[in-house]
Amino acid sequence: MDSRAPGSPKTDPSHNVLHQQQTRLPLDVIFSPRSVAVVGASERPGSVGRTVLWNLISNPFGGTVYPINPQRPNVLGIKAWPSLRALPEVVDLAIIITPAPTVPGVIRECAELGVRGAIIISAGFKETGEEGARLEREILDIAQAARIRLIGPNCLGVMRPPSGFNATFAGAMARPGNVAFVSQSGALLTAILDWSLREGVGFSAFVSVGSMLDVGWGDVIDFLADDPMTRSILLYMESIGDARAFLSAAREVALTKPIIVIKAGRTAQAAQAAASHTGTLTGSDEVLSAAFRRTGVLRVDSIADLFYMAETLARQPRPAGRRLSILTNAGGPGVLATDALVAGGGELAVLGEDTRKALDGFLPPQWSHGNPVDILGDADPERYAKALEVTAKDPNSDGLLVILAPQDMTEPTKTADRLKGYAKLHGKPVIASWMGGSVVAAGERILNDAGIPTFGYPDTAARIFNYMWRYTYNLAGLYETPTLAEEYRGVRDMARRQVDEARAAGRTLLTEYESKRLLAEYGIPTVETRLALTEDAAVAEAESLGFPVVVKLHSLTVSHKSDVDGVRLDLRDADAVRAAFRGIRERLAELGQPGAFDGVTVQPMVKLDGYELIIGSGLDAQFGPVLLFGAGGTLVEVFKDRALGLPPLNTTLARRMMEQTRIHQALKGVRGRKPVDLGALERLMVRFSRLVVEQRFVKEIDINPLLVSHERLLALDARVVLHPPTVTEAELPRLAIEPYPQQYVAPYQMPNGEEVLLRPIRPEDEPRMAEFHRTLSEHTVFLRYAGLMHLSTRVAHERLARICFNDYARELALVAERKSGEILGVGRLTRLRGTQDAEFAILISDQVQKQGLGTELLRRLVDVGRDWRMQRIVADILAGNRPMQTISRKLGFAIVPHEELAPDMVKAVKVL
């Protein structure tokens with residue numbers, strides 16, 4: 001029986017979810033709490049519990065603070081409470097400072113009461129051993145079940161200087177500013193805090209993440225991305241934690257806010273120290289650098305450089321390239337700057353003829369007539385200004401460094417005052433080095449106040465410029481449009497059968513013959529290889545191929561053939577082949593491995609008239625599968641000319657891996673040799689990357705050597721190691737970057753009978769997306785974007801690059817594509833940061849509107865949302881956009897008034 005009063009509205013169980021307001025994100029309760037409980041508050045002088053409580057009450061942040069101490073009626077004059085349960089309200093945030101064994105009980109009490117955030121300052125967890133790790137697992141299980149977000153344990157706490165919130169046991173409050181500093185080391189934070197107070201540096205957030213049991217780098221970066229007070233993000237990192245979450249967040253945020261990292265643990269000894277400190281094993285430092293490049297993150301080598309770069313990037317534009325013009329009044333400092341520039345990979349700009357002529361017009365005859373531009377020791381402010389103005393106009397230059405060494409005739413303050421007007425050169429950074437002490441201090445202040453970063457030494461300034469162009473290089477990779485790679489459909493399952501057969505036989509090693517078959521499935525050219533189980537068969541195959549030939553050991557168990565003398569080259573007749581067959585078999589017997597001989601392979605002897613490369617993949621403890629490219633051959637371990645990258649690759653990313661190596665210069669053609677077809681090599685690397693992504697049971701794989709020349713690319717040898725047969729698919733290491741979601745590729749038949757392909761967007765789609773936007777009417781554009789957008793804006797490269805380059809873990813756009821390649825429509829689903837909501841948007845070309853394509857795209861996006869385990873799918877729609885509202889209602893969306901935007905908007909909401 002219905003017990004509701006007559007006329008009362010029917011209660012919909014999903015009503016609250018349908019109309020819920022996403023006004024507070026999960027980390028808001030940590031960074032901007034309205035009420036805080038200090039569990040472990042103390043009166044004892046020098047205790048952490050006393051310092052945390054004092055910092056909270058002495059820096060008013062607008063919220064309520066409750067000391068929790070069952071032994072005292074009050075702490076620091078404030079009424080104390082025996083437990084969280086005794087409080088008059090459910091607090092937003094609990095700060096926990098009790099011994100490690102008691103923390104699970106406190107978190108359980110938070111869960112029962114509905115507390116949404118906790119900062120665990122207590123130490124004594126995984127950094128102490130297995131018992132501490134067990135406590136962490138118990139805490140995390142409780143917190144995840146109750147959806148409590150945790151900072152720590154073993155951390156200093158969280159500080160938000162602009163709001164006055166200080167939940168740390170630091171000795172002072174930081175100044176407000178626009179730089180967020182996040183660190184795994186609490187002690188380092190306190191040292192930075194002391195330095196910042198002396199130097200007048202301010203912060204938007206000061207965060208100690210400790211052991212990152214729950215909230216990790218990705219969570220904090222996501223929060224700071226939406227923080228209007230934060231303009232740049234600085235990280236001191238000892239371990240990466242959730243690699244996928246970090247990379248996903250960093251790539252998205254780096255496009256709008258600089259992320260600058262100093263990573264401890266470069267050396268093996270430092271890595272071990274970091275592991276003992278954080279309780280987390282660090283992965284390969286080389287892999288981490290590759291991951292930073294992939295996501296647009298800038299890595300620096302010192303704490304000083306961390307802050308130098310935050311200041312410089314905030315004040316000056318990024319250089320377009322690595323060419324620096326140096327202006328100086330003394331030769332020695334110019335040479336020091338040049339050495340530092342070139343050693344760090346930068347280049348001296350070559351002065352153009354027009355620039356040299358212009359400088360000749362007013363500089364003394366003794367000037368250097370080159371770069372560095374030495375304007376001599378008697379240079380007055382006007383000479384500096386004219387030289388800077390002329391040099392800045394040179395198109396061969398990407399940035400300028402102005403050096404002043406104080407001499408008797410030098411006027412540091414007046415010169416700085418004269419140069420401050422050049423602080424905003426379009427597209428070119430200007431940095432300075434005012435050398436000296438008190439005599440140049442006033443000039444330094446003038447330049448810094450004007451926005452020209454100033455450094456005490458010229459080599460420091462050159463190093464900062466090198467960081468700047470590297471940062472540009474990293475970000476440019478996010479915007480570059482790759483060329484369209486070939487489609488290799490259907491190969492995944494065929495290749496998987498080869499792998500499955502070997503694993504079913506209990507093997508973890510593919511033979512060279514099998515390895516080359518696997519490569520061939522992915523379109524990687526291999527030297528023809530024939531299997532011979534007997535001496536006579538080897539001779540027959542050699543005669544069929546034609547002499548000279550190569551005979552190699554065929555073994556189900558031996559990984560490196562050269563280690564057992566299992567390779568015989570340049571065999572020119574049948575007798576040589578017979579001798580090689582017997583010799584390899586006898587050598588294995590001498591080594592006590594007669595059972596490892598399973599025959600030989602016979603291959604044509606390939607003339608090595610190109611370069612030997614290696615392309616490979618192995619596992620990193622934190623990032624999973626990692627790709628390798630570099631100089632190959634038998635001395636690969638000696639030369640170590642290599643670059644690492646993360647799969648999956650596209651052609652742009654493949655080329656950037658090549659550019660990290662020294663051999664790349666040779667591949668472009670040197671000493672009369674014709675250049676290698678680098679485009680073909682890029683495409684080969686993309687196919688190899690796809691093999692690694694799709695064949696997850698491949699643990700290690702390398703092609704060495706891959707012979708490359710002007711005429712061909714050819715895999716001469718290959719080695720594939722599999723995961724043991726006992727490893728299940730669920731136990732395989734995760735890819736650090738979400739691969740292309742092939743599962744969402746499927747055809748759709750339009751009402752007129754035309755079949756189109758609906759598939760996730762790719763970076764290579766940028767040219768097609770530009771053409772798609774040219775088909776749209778102004779009315780369609782207005783309905784989609786709730787306003788007019790000029791065509792030049794819609795097809796701008798940076799905008800389309802961001803649209804086409806999806807992080808498939810966060811965003812998925814489905815395009816509707818004709819067989820001709822023309823794009824007819826796009827449907828996009830984007831996770832809303834910090835929530836269980838995803839937002840959709842649909843855009844259909846005018847020529848195919850009202851034919852069901854928008855409905856089908858939205859239907860498939862709803863399926864994606866379910867796969868992502870979203871709670872709701874939402875969209876903001878113009879009130880006048882009736883067709884989109886009709887489509888939404890057809891698929892079960894409710895159209896409700898918009899809670900935030902203007903009255904001309906409505907919100908479509910579907911509870912999943």
# chains A, B, ... in the order shown; residues from 1 in each chain; ligands from 1
$ residues_around --residues "Leu404 of chain A" --least-positions-apart "4" --cutoff "10 Å" --atoms "only C-alpha atoms" --output "list in words"
Leu327, Thr328, Asn329, Ala330, Pro333, Gly334, Gly377, Ala379, Tyr384, Thr410, Glu411, Pro412, Thr415, Ala416, Ala432, Ser433, Trp434, Met435, Gly436, Val440, Gly456, Tyr457 and Pro458 of chain A
$ residues_around --residues "Asp846 of chain A" --least-positions-apart "3" --cutoff "12 Å" --atoms "only C-alpha atoms" --output "ChimeraX atom specification"
/A:772-781,823-825,843,849-851,853-854
$ closest_residue --among "A:Ala461, A:Val390, A:Ala86, A:Leu400" --to "Thr355 of chain A" --atoms "only C-alpha atoms"
A:Val390
$ closest_residue --among "A:Val297, A:Val721, A:Ile761, A:Leu732" --to "Gly477 of chain A" --atoms "only C-alpha atoms"
A:Val297
$ select_by_dssp --residues "segment 744-850 of chain A" --states "strand (DSSP E or B)" --output "number ranges by chain"
A: 746-749, 755-760, 811-817, 823-831, 837-844
$ closest_atom_pairs --of "segment 214-237 of chain A" --to "segment 149-158 of chain A" --cutoff "12 Å" --atoms "only C-alpha atoms" --output "tab-separated table"
residue	atom	partner	partner_atom	distance
A:Asp214	CA	A:Leu150	CA	5.4
A:Val215	CA	A:Ile151	CA	5.6
A:Gly216	CA	A:Ile151	CA	8.2
A:Trp217	CA	A:Ile151	CA	10.9
A:Asp219	CA	A:Arg149	CA	10.0
A:Val220	CA	A:Ile151	CA	9.9
$ select_by_dssp --residues "segment 484-627 of chain A" --states "helix (DSSP H, G or I)" --output "VMD selection string"
chain A and resid 491 to 504 512 to 521 535 to 545 561 to 564 574 to 590 594 to 596
$ residues_around --residues "segment 40-45 of chain A" --least-positions-apart "6" --cutoff "8 Å" --atoms "only C-alpha atoms" --output "compact mmCIF listing (two decimals) with N, CA and C atoms, in the first residue's frame"
# COMPACT_ATOMS: atom_id res chain seq x y z
N VAL A 52 50.48 20.76 14.70
CA VAL A 52 49.42 20.74 13.69
C VAL A 52 48.22 21.55 14.17
N LEU A 53 47.82 21.32 15.41
CA LEU A 53 46.66 22.05 15.93
C LEU A 53 46.94 23.55 15.98
N PRO A 67 39.86 19.46 18.27
CA PRO A 67 40.91 18.57 18.79
C PRO A 67 40.28 17.26 19.29
N ILE A 68 40.89 16.13 18.96
CA ILE A 68 40.44 14.83 19.46
C ILE A 68 41.50 14.29 20.39
N ASN A 69 41.16 14.23 21.68
CA ASN A 69 42.08 13.71 22.70
C ASN A 69 41.24 13.20 23.86
N VAL A 75 42.50 21.32 24.62
CA VAL A 75 43.89 21.36 24.10
C VAL A 75 44.10 22.75 23.53
N LEU A 76 45.16 23.41 23.98
CA LEU A 76 45.47 24.79 23.57
C LEU A 76 44.27 25.71 23.77
N ILE A 96 45.24 12.70 11.10
CA ILE A 96 45.53 11.59 12.03
C ILE A 96 47.01 11.60 12.39
N ILE A 97 47.27 11.67 13.73
CA ILE A 97 48.65 11.76 14.22
C ILE A 97 48.86 10.74 15.32
N THR A 98 48.15 9.64 15.27
CA THR A 98 48.26 8.61 16.31
C THR A 98 49.21 7.50 15.84
$ closest_residue --among "A:Ala462, A:Ala187, A:Ile452, A:Leu376" --to "Met409 of chain A" --atoms "only C-alpha atoms"
A:Leu376
$ atom_distance --atom1 "atom CA of Val539 of chain A" --atom2 "atom CA of Glu501 of chain A"
28.9 Å
$ residues_around --residues "segment 800-810 of chain A" --least-positions-apart "6" --cutoff "8 Å" --atoms "only C-alpha atoms" --output "list in words"
Ser248, Leu478, Tyr479, Glu480, Thr481, Glu738, Pro739, Tyr740, Pro741, Ile761, Arg762, Pro763, Glu764, Asp765, Glu766, Met769, Ala770, Arg794, Thr830 and Arg831 of chain A
$ closest_residue --among "A:Val676, A:Ile701, A:Ala264, A:Asn396" --to "Ser284 of chain A" --atoms "only C-alpha atoms"
A:Ala264
$ atom_distance --atom1 "atom CA of Arg160 of chain A" --atom2 "atom CA of Phe203 of chain A"
7.8 Å
$ atom_distance --atom1 "atom CA of Gly62 of chain A" --atom2 "atom CA of Arg34 of chain A"
7.1 Å
$ closest_residue --among "A:Leu224, A:Ala476, A:Ala715, A:Met494" --to "Gly321 of chain A" --atoms "only C-alpha atoms"
A:Ala476
